[in-house]
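Note sheet for the following structure.
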Amino acid sequence: MAGTVHVIGAGLAGLSAAVEMAGAGRRVVLHEAAGFAGGRCRSYYDSVIDLVIDNGNHLLLSGNWAALGLLRRIGGLSAMQAAESAEFPFADLASGERWTLRPNEGRLPWWILDSRRRVPGTRAPDYLAPLGVLRAPESVAVGSVMVCRGALYERLWRPVLLAALNTEPCEADARLAAQILRETLAAGGQACRPLVATGGLTAAFIDPALRFLKERGAEILFSQSLRAIDFQEDRAAALRFANDTVALRAADQVVLAVPPVAARGLVPGLTAPEKFHAIVNAHFRIPPPPGQPLLLGVVNALTEWLFAYPDRLSVTISCADRLMDEPREKLAETIWREVAVLTGLAPDLPRWQIVRERRATFAATPEEAAKRPATETRYRNLVLAGDWTRTGLPATIEGSVRSGLNAAAAVIRAPDWAGRSRDAA
Ligand SMILES: Cc1cc2nc3c(=O)[nH]c(=O)nc-3n(C[C@H](O)[C@H](O)[C@H](O)COP(=O)(O)OP(=O)(O)OC[C@H]3O[C@@H](n4cnc5c(N)ncnc54)[C@H](O)[C@@H]3O)c2cc1C
């Protein structure tokens, strides 16, 4: 008989693995250190601006098949606001120029030949610049295979890659950048329609996933921080929590879906990324003006992306390590001055909140990417999940959901305690 699967960590990776396995009829126990699920992708009530906000603005694209598959399965898709077509309005705060990036639906990028659809100041041949990235060998930086300057770089490649990689693109791993380009612009507009959880990440992802799991008999335990794993030869033998030890029976399995720092402390000899980059979000309690797009890309400004939620305007700044020690009031004032210009709203600072996630994602450099471990470990009943495992994608919702699917697949196909493969049985 199949044993229990203990999933450690209720971020998107752990939830994705748990949903997949509970959906396949496995008995799942989910252990989460915090008093809530969602990890780096969740909503919370913020008393400073008296609103439920997300820890960070999260953008999905229509080509994110794993994330959308999860949302469909758990019933969270209706909580996402999807743009009808792949349109990305942009503003250049220095020159005042505005344009809209509109890739055509199919894979053949004929939009590049239409000057009205191109980024202003660019020519069709400029769009071939990332070919070097698409053909890059392993462990090289984008900057060594693509020229990281010029109008198109500043107005298209840098904003897109910076948002996806949370790393200055010229220093980022070219293979990771290539995968982003393949799954987005190179896949055509059909893969690039933006989706935002305007009702909150918890309403879209977390609550429906927990409901799905409960309905399938999964046990969900909060405030259960895993302190250590006892190993015996090639298997995990016990899970030591602060107040409890769970002995693992022969058929039990473990999905470790915690961040890399925690995983390194729990699994001897594990290599994992050790460098991280921050993301800063500034939330302003003010309804967006009529006609404000769901998402506005901004160049030549501190603001990189401006999200319009029904009750607030919210700014994302990636790879924001340089802003960690800036005084919060100064940051809020500077960003609001930019938002006021971009939206035409009055310069008076509304109620605001600044959320700084210091370790938002691992640094997507060739050095850190090389440290990402595979799903399977040297222990036969322990697999890994998390946006930092070797998914082929940078640290994103899509990457973390795929890592959970990989972990679930490894658990489901693992031979059982008697050495027989359940698939074959
Ligand atoms: C501000 C911000 C903005 C982002 N924007 C985007 C975006 O626009 N688009 C996008 O696709 N991605 C975005 N991301 C990335 C995305 O949020 C992450 O890739 C994803 O949420 C990671 O999920 P995870 O499950 O791998 O890790 P985590 O969310 O970190 O989950 C790990 C879980 O393990 C728990 N845990 C830790 N230690 C233990 C322990 N010892 N015992 C038990 N539990 C433990 C933690 O509490 C946590 O719940 C953003 C991230 C941030 C921070």
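So you can find residues: chains in the structure tokens are A, B, ... in the order shown, residues in each start at 1, and ligands are numbered from 1 in order.
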Which chains and residue numbers are within 6 Å of ligand 1, counting only C-alpha atoms and all ligand atoms, if I want them as a PyMOL selection string? chain A and resi 8-14+31-34+37-41+55-60+224-227+257-259+262+279+357+360+386-387+395-398+400
Selection near stretch 179-191 of chain A, 8 Å with only C-alpha atoms, sequence-local residues under 5 positions removed, as a PDB file with N, CA and C atoms, in the first residue's frame:
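The result, written out as part_25.pdb:
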ATOM      1  N   LEU A  61       1.623  35.013 -17.215  1.00  0.00           N
ATOM      2  CA  LEU A  61       1.343  35.162 -18.642  1.00  0.00           C
ATOM      3  C   LEU A  61       0.571  33.933 -19.108  1.00  0.00           C
ATOM      4  N   SER A  62      -0.180  34.109 -20.201  1.00  0.00           N
ATOM      5  CA  SER A  62      -1.056  33.019 -20.661  1.00  0.00           C
ATOM      6  C   SER A  62      -0.274  31.774 -21.061  1.00  0.00           C
ATOM      7  N   GLY A  63       1.040  31.904 -21.312  1.00  0.00           N
ATOM      8  CA  GLY A  63       1.846  30.724 -21.650  1.00  0.00           C
ATOM      9  C   GLY A  63       2.325  29.949 -20.432  1.00  0.00           C
ATOM     10  N   ASN A  64       1.998  30.429 -19.239  1.00  0.00           N
ATOM     11  CA  ASN A  64       2.409  29.721 -18.004  1.00  0.00           C
ATOM     12  C   ASN A  64       1.472  28.536 -17.783  1.00  0.00           C
ATOM     13  N   SER A  85      -5.914  40.601 -24.871  1.00  0.00           N
ATOM     14  CA  SER A  85      -4.870  40.330 -25.856  1.00  0.00           C
ATOM     15  C   SER A  85      -3.513  40.688 -25.244  1.00  0.00           C
ATOM     16  N   ALA A  86      -2.472  40.302 -25.962  1.00  0.00           N
ATOM     17  CA  ALA A  86      -1.121  40.570 -25.458  1.00  0.00           C
ATOM     18  C   ALA A  86      -0.764  42.015 -25.779  1.00  0.00           C
ATOM     19  N   ARG A 102       2.701  45.215 -28.965  1.00  0.00           N
ATOM     20  CA  ARG A 102       1.575  44.332 -29.329  1.00  0.00           C
ATOM     21  C   ARG A 102       2.055  43.208 -30.224  1.00  0.00           C
ATOM     22  N   PRO A 103       2.664  42.160 -29.657  1.00  0.00           N
ATOM     23  CA  PRO A 103       3.062  41.030 -30.499  1.00  0.00           C
ATOM     24  C   PRO A 103       1.822  40.373 -31.102  1.00  0.00           C
ATOM     25  N   ASN A 104       1.951  39.887 -32.344  1.00  0.00           N
ATOM     26  CA  ASN A 104       0.796  39.196 -32.945  1.00  0.00           C
ATOM     27  C   ASN A 104       0.621  37.824 -32.291  1.00  0.00           C
ATOM     28  N   GLU A 105      -0.571  37.254 -32.471  1.00  0.00           N
ATOM     29  CA  GLU A 105      -0.935  36.033 -31.734  1.00  0.00           C
ATOM     30  C   GLU A 105       0.004  34.846 -32.000  1.00  0.00           C
ATOM     31  N   GLY A 106       0.312  34.613 -33.299  1.00  0.00           N
ATOM     32  CA  GLY A 106       1.046  33.390 -33.663  1.00  0.00           C
ATOM     33  C   GLY A 106       2.542  33.495 -33.422  1.00  0.00           C
ATOM     34  N   ARG A 107       3.238  32.393 -33.737  1.00  0.00           N
ATOM     35  CA  ARG A 107       4.682  32.344 -33.481  1.00  0.00           C
ATOM     36  C   ARG A 107       5.495  33.187 -34.452  1.00  0.00           C
ATOM     37  N   LEU A 108       4.973  33.336 -35.709  1.00  0.00           N
ATOM     38  CA  LEU A 108       5.731  34.088 -36.704  1.00  0.00           C
ATOM     39  C   LEU A 108       5.648  35.576 -36.354  1.00  0.00           C
ATOM     40  N   PRO A 109       6.766  36.216 -35.995  1.00  0.00           N
ATOM     41  CA  PRO A 109       6.686  37.564 -35.414  1.00  0.00           C
ATOM     42  C   PRO A 109       6.581  38.673 -36.470  1.00  0.00           C
ATOM     43  N   LEU A 134      19.472  32.778 -27.491  1.00  0.00           N
ATOM     44  CA  LEU A 134      18.748  31.532 -27.782  1.00  0.00           C
ATOM     45  C   LEU A 134      19.709  30.386 -28.113  1.00  0.00           C
ATOM     46  N   LEU A 161      13.323  40.994 -19.319  1.00  0.00           N
ATOM     47  CA  LEU A 161      14.217  40.011 -18.689  1.00  0.00           C
ATOM     48  C   LEU A 161      14.454  40.325 -17.213  1.00  0.00           C
ATOM     49  N   ALA A 164      11.539  39.031 -15.241  1.00  0.00           N
ATOM     50  CA  ALA A 164      11.456  37.568 -15.153  1.00  0.00           C
ATOM     51  C   ALA A 164      12.600  36.966 -14.349  1.00  0.00           C
ATOM     52  N   GLY A 392      14.743  24.766 -15.072  1.00  0.00           N
ATOM     53  CA  GLY A 392      14.989  25.367 -16.388  1.00  0.00           C
ATOM     54  C   GLY A 392      14.420  26.778 -16.485  1.00  0.00           C
ATOM     55  N   LEU A 393      13.697  27.212 -15.450  1.00  0.00           N
ATOM     56  CA  LEU A 393      13.115  28.561 -15.423  1.00  0.00           C
ATOM     57  C   LEU A 393      13.717  29.347 -14.261  1.00  0.00           C
TER      58      LEU A 393
END
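Ranking A:Phe88, A:Arg322, A:Gln353, A:Phe231 by their shortest atom-to-atom distance to A:Pro293, with only C-alpha atoms included, puts A:Phe88 first.
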7 Å contact set for stretch 327-342 of chain A, only C-alpha atoms, chain neighbours under 5 positions out, as an NGL selection string: :A and (282 or 302-303 or 347 or 349 or 354)
Apply DSSP to the backbone of this structure and, from stretch 207-373 of chain A, keep only the residues in helix (DSSP H, G or I); write these as number ranges by chain. A: 207-215, 260-266, 321-323, 328-343, 366-369
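You will find atom CA of A:Thr389 at 17.2 Å from atom CA of A:Ala174.
Nearest residue to A:Ala272 among A:Arg123, A:Arg240, A:Lys214, A:Arg390 is A:Arg390, counting only C-alpha atoms.
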